[in-house]
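> Pasting run.cif here (mmCIF, C-alpha atoms):
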data_model
loop_
_atom_site.label_atom_id
_atom_site.label_comp_id
_atom_site.auth_asym_id
_atom_site.auth_seq_id
_atom_site.Cartn_x
_atom_site.Cartn_y
_atom_site.Cartn_z
CA MET H 1 17.23 3.44 -10.81
CA THR H 2 14.25 1.68 -9.28
CA THR H 3 14.28 -1.33 -7.02
CA GLY H 4 11.38 -3.01 -8.79
CA LEU H 5 8.87 -2.80 -5.95
CA ARG H 6 5.54 -4.31 -6.88
CA LEU H 7 2.34 -4.80 -4.91
CA ALA H 8 -0.49 -7.03 -6.07
CA TRP H 9 -3.91 -7.45 -4.45
CA ARG H 10 -5.83 -10.60 -5.40
CA LEU H 11 -9.26 -11.34 -4.03
CA ASP H 12 -9.46 -14.91 -2.82
CA GLY H 13 -12.99 -15.86 -1.85
CA HIS H 14 -15.53 -13.67 -0.13
CA GLY H 15 -13.82 -11.32 2.32
CA TRP H 16 -10.28 -12.58 1.75
CA ALA H 17 -7.37 -11.20 -0.24
CA ASP H 18 -3.73 -11.98 -0.81
CA CYS H 19 -1.32 -9.07 -1.04
CA THR H 20 1.93 -9.98 -2.74
CA VAL H 21 4.94 -7.75 -2.13
CA THR H 22 7.89 -8.31 -4.45
CA ASP H 23 11.14 -6.64 -5.28
CA ARG H 24 14.48 -7.82 -6.63
CA GLN H 25 15.42 -9.47 -3.32
CA ALA H 26 12.27 -11.20 -2.08
CA ALA H 27 8.59 -11.94 -2.42
CA ILE H 28 6.05 -12.42 0.33
CA VAL H 29 2.31 -13.04 0.37
CA LEU H 30 0.20 -11.50 3.11
CA THR H 31 -3.39 -12.53 3.75
CA ALA H 32 -6.01 -9.95 4.62
CA SER H 33 -9.57 -10.30 5.84
CA TYR H 34 -12.31 -7.74 5.34
CA ILE H 35 -12.87 -7.59 9.14
CA THR H 36 -10.60 -4.55 9.05
CA SER H 37 -10.11 -1.92 6.36
CA ALA H 38 -6.76 -3.26 5.17
CA PRO H 39 -6.65 -1.56 1.74
CA GLU H 40 -7.83 1.74 3.16
CA GLU H 41 -5.29 1.56 5.99
CA LEU H 42 -2.43 0.89 3.59
CA LEU H 43 -3.36 3.67 1.17
CA THR H 44 -3.97 6.13 4.01
CA ALA H 45 -0.63 5.32 5.66
CA LEU H 46 1.16 6.02 2.38
CA ALA H 47 -0.76 9.27 1.85
CA GLN H 48 0.22 10.39 5.36
CA LEU H 49 3.89 9.74 4.54
CA ILE H 50 3.69 11.87 1.41
CA ALA H 51 1.94 14.57 3.43
CA GLY H 52 4.93 14.69 5.79
CA GLU H 53 4.39 12.13 8.55
CA THR H 54 7.60 10.38 9.57
CA GLU H 55 6.02 7.16 10.86
CA THR H 56 2.78 5.45 9.85
CA ARG H 57 1.29 2.00 10.13
CA ALA H 58 -1.23 -0.29 8.49
CA GLN H 59 -2.41 -3.71 9.55
CA PHE H 60 -3.93 -6.68 7.76
CA GLU H 61 -5.90 -9.12 9.90
CA ALA H 62 -5.71 -12.73 8.76
CA GLU H 63 -7.71 -14.17 11.69
CA PRO H 64 -5.93 -14.80 14.03
CA THR H 65 -2.59 -13.88 12.44
CA ALA H 66 -1.95 -10.23 11.60
CA TYR H 67 0.53 -8.48 9.34
CA ARG H 68 1.67 -5.07 10.48
CA TRP H 69 3.28 -2.63 8.06
CA ILE H 70 5.49 -0.03 9.74
CA PHE H 71 6.75 2.86 7.64
CA TYR H 72 9.54 5.23 8.68
CA ARG H 73 10.22 8.19 6.43
CA GLU H 74 13.53 10.02 6.32
CA ASP H 75 13.86 12.70 3.67
CA GLU H 76 12.86 11.09 0.35
CA HIS H 77 13.11 7.48 1.49
CA VAL H 78 10.83 5.17 3.43
CA TRP H 79 12.00 2.18 5.45
CA ILE H 80 9.33 -0.51 5.50
CA ARG H 81 9.09 -3.30 8.04
CA ILE H 82 6.41 -5.97 7.82
CA LEU H 83 5.82 -7.99 10.96
CA GLU H 84 3.83 -11.19 11.33
CA LEU H 85 2.02 -11.36 14.67
CA ARG H 86 0.09 -14.19 16.27
CA ASP H 87 -2.61 -11.72 17.26
CA GLY H 88 -3.33 -8.27 15.88
CA SER H 89 -3.30 -6.72 19.34
CA ASP H 90 0.25 -7.88 20.06
CA HIS H 91 3.04 -5.34 20.56
CA ASP H 92 5.57 -4.96 17.74
CA ASN H 93 8.25 -6.73 19.79
CA LYS H 94 6.15 -9.92 19.75
CA GLY H 95 6.13 -9.96 15.96
CA THR H 96 8.51 -11.64 13.55
CA GLU H 97 9.93 -9.42 10.86
CA ILE H 98 9.19 -11.17 7.57
CA TRP H 99 10.25 -8.42 5.20
CA SER H 100 12.01 -5.08 5.27
CA SER H 101 13.49 -2.73 2.75
CA GLN H 102 13.92 0.91 1.85
CA TYR H 103 12.41 2.71 -1.15
CA PRO H 104 12.10 6.21 -2.49
CA ILE H 105 8.74 7.56 -1.34
CA ASP H 106 7.60 8.17 -4.89
CA GLU H 107 8.31 4.57 -5.90
CA LEU H 108 6.36 3.25 -2.93
CA ALA H 109 3.35 5.44 -3.70
CA ARG H 110 3.50 4.52 -7.39
CA ALA H 111 3.52 0.79 -6.55
CA ALA H 112 0.38 1.16 -4.39
CA ILE H 113 -1.43 3.26 -7.00
CA ARG H 114 -0.61 0.78 -9.75
CA CYS H 115 -1.73 -2.09 -7.53
CA PHE H 116 -5.18 -0.68 -6.86
CA ASP H 117 -5.60 0.62 -10.41
CA ASP H 118 -5.01 -3.00 -11.49
CA VAL H 119 -7.58 -4.18 -8.93
CA ALA H 120 -10.18 -1.75 -10.32
CA ARG H 121 -9.48 -2.93 -13.89
CA THR H 122 -9.54 -6.61 -12.94
CA TYR H 123 -12.68 -6.73 -10.80
CA GLY H 124 -14.49 -3.46 -11.43
CA GLU H 125 -15.73 -1.61 -8.40
CA SER H 126 -18.96 -3.59 -8.09
CA GLY H 127 -17.13 -6.90 -8.62
CA TYR H 128 -14.66 -5.88 -5.94
CA ARG H 129 -17.49 -5.16 -3.49
CA GLY H 130 -19.09 -8.50 -4.32
CA LYS H 131 -15.92 -10.46 -3.61
CA TRP H 132 -14.36 -8.38 -0.83
CA GLY H 133 -17.58 -7.43 0.93
CA GLU H 134 -16.74 -3.72 1.20
CA HIS H 135 -16.52 -0.80 -1.20
CA PHE H 136 -13.46 -0.31 -3.36
CA PRO H 137 -11.08 2.16 -1.60
CA ARG H 138 -11.60 4.84 -4.27
CA THR H 139 -11.42 7.80 -1.86
CA GLU H 140 -8.12 6.66 -0.34
CA LEU H 141 -6.64 5.75 -3.72
CA GLU H 142 -7.49 9.13 -5.23
CA ALA H 143 -6.18 10.97 -2.16
CA LEU H 144 -2.85 9.15 -2.51
CA ARG H 145 -2.74 9.82 -6.26
CA ARG H 146 -3.51 13.54 -5.73
CA LEU H 147 -0.86 13.93 -3.02
CA ARG H 148 1.73 12.16 -5.16
CA ASN H 149 0.93 14.29 -8.20
CA ASP H 150 0.95 17.50 -6.16
CA ARG H 151 4.31 16.54 -4.71
CA ARG H 152 5.75 15.74 -8.13
CA HIS H 153 4.24 18.82 -9.79
CA PRO H 154 3.88 21.71 -7.33
CA ARG H 155 1.22 24.31 -8.12
CA GLY H 156 1.96 26.24 -11.23
CA ALA H 157 4.56 23.71 -12.34
CA HIS H 158 2.23 21.16 -13.96
CA PRO H 159 3.49 20.14 -17.37
CA ASP H 160 1.27 19.10 -20.23
CA PRO H 161 -1.81 17.41 -18.61
CA ARG H 162 -1.23 14.29 -20.72
CA GLN H 163 2.04 13.80 -18.85
CA ALA H 164 0.78 14.63 -15.34
CA CYS H 165 -0.37 11.07 -14.60
CA GLU H 166 2.02 9.25 -16.89
CA GLY H 167 3.92 7.69 -13.98
CA ASP H 168 0.71 6.39 -12.42
CA ARG H 169 0.03 3.87 -15.14
#
Would you put the structure from the file into structure tokens?

Amino acid sequence: MTTGLRLAWRLDGHGWADCTVTDRQAAIVLTASYITSAPEELLTALAQLIAGETETRAQFEAEPTAYRWIFYREDEHVWIRILELRDGSDHDNKGTEIWSSQYPIDELARAAIRCFDDVARTYGESGYRGKWGEHFPRTELEALRRLRNDRRHPRGAHPDPRQACEGDR
């Protein structure tokens, strides 16, 4: 059974995006500015979790507010905390927790992959660059997708190739 985690990334003017995080319990909207590599940080943090890290982080700068994602992995689950901070350089203990929950690692990765696949379909990579001001995070997205697929289908265990990416859509 899934918890219905969904991420959505909507470009909102040049260099600004809203990231909506929803599940069956809550919905929050985080603002991100292109002054930092927010999408790349998020995708990389998730890839590191799949690769075996037990704690990773990503941060969205909203000038001056910041949203810090903190991920703790234990076995097949990831506890996520999202903190709102007055300033991005503040320590975690100065932040206000605005959302937290636990998800299976595969569900979390799938939600991020679906989110950025939707972004690519909606804006196209050149449209994304025009609105966001930076390149689409293709390298980070594909690294996450590859790690997730490798984890789900270890070498030599890949089923029919038409099914290999079925869960990514």
> Counting only C-alpha atoms, write as a PyMOL selection string all protein and nucleic acid residues lying at most 9 Å from (5.8, -2.8, -4.8) in the file's frame.
chain H and resi 3-8+20-23+107-112+114-115
> Find the distance between atom CA of H:Phe60 and atom CA of H:Thr36 and write it in Å to one decimal.
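Taking atom CA of H:Phe60 and atom CA of H:Thr36, their separation equals 7.1 Å.
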> Would you mind reading off the distance between atom CA of H:Gly124 and atom CA of H:Leu30, one decimal, in Å?
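Atom CA of H:Gly124 sits 22.2 Å away from atom CA of H:Leu30.
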> Rank nothing, just name the residue among H:Gln48, H:Gln25, H:Gln59, H:Ile105 nearest to H:Glu84, using only C-alpha atoms.
H:Gln59
> Could you tell me how far atom CA of H:Ser101 lies from atom CA of H:Glu76, in Å and to one decimal?
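Here the two named atoms are 14.0 Å from each other.
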> The PyMOL selection byres ((chain H and resi 40) around 9) on the file shown: which residues, as a ChimeraX atom specification?
/H:37-39,41-45,58,136-141
> Please enumerate the residues selected by the PyMOL selection byres ((chain H and resi 68) around 12) when evaluated against the supplied file, formatted as number ranges by chain.
H: 30-32, 38, 41-42, 45, 56-62, 65-67, 69-71, 80-100
> Counting only C-alpha atoms, write as a PyMOL selection string all protein and nucleic acid residues lying at most 12 Å from (-17.4, -5.8, -4.1) in the file's frame.
chain H and resi 11+13-16+34+119-120+122-137
> Closest to H:Tyr72 among H:Arg145, H:Asp106, H:Asp150, H:Thr54, using all atoms listed in the file?
H:Thr54
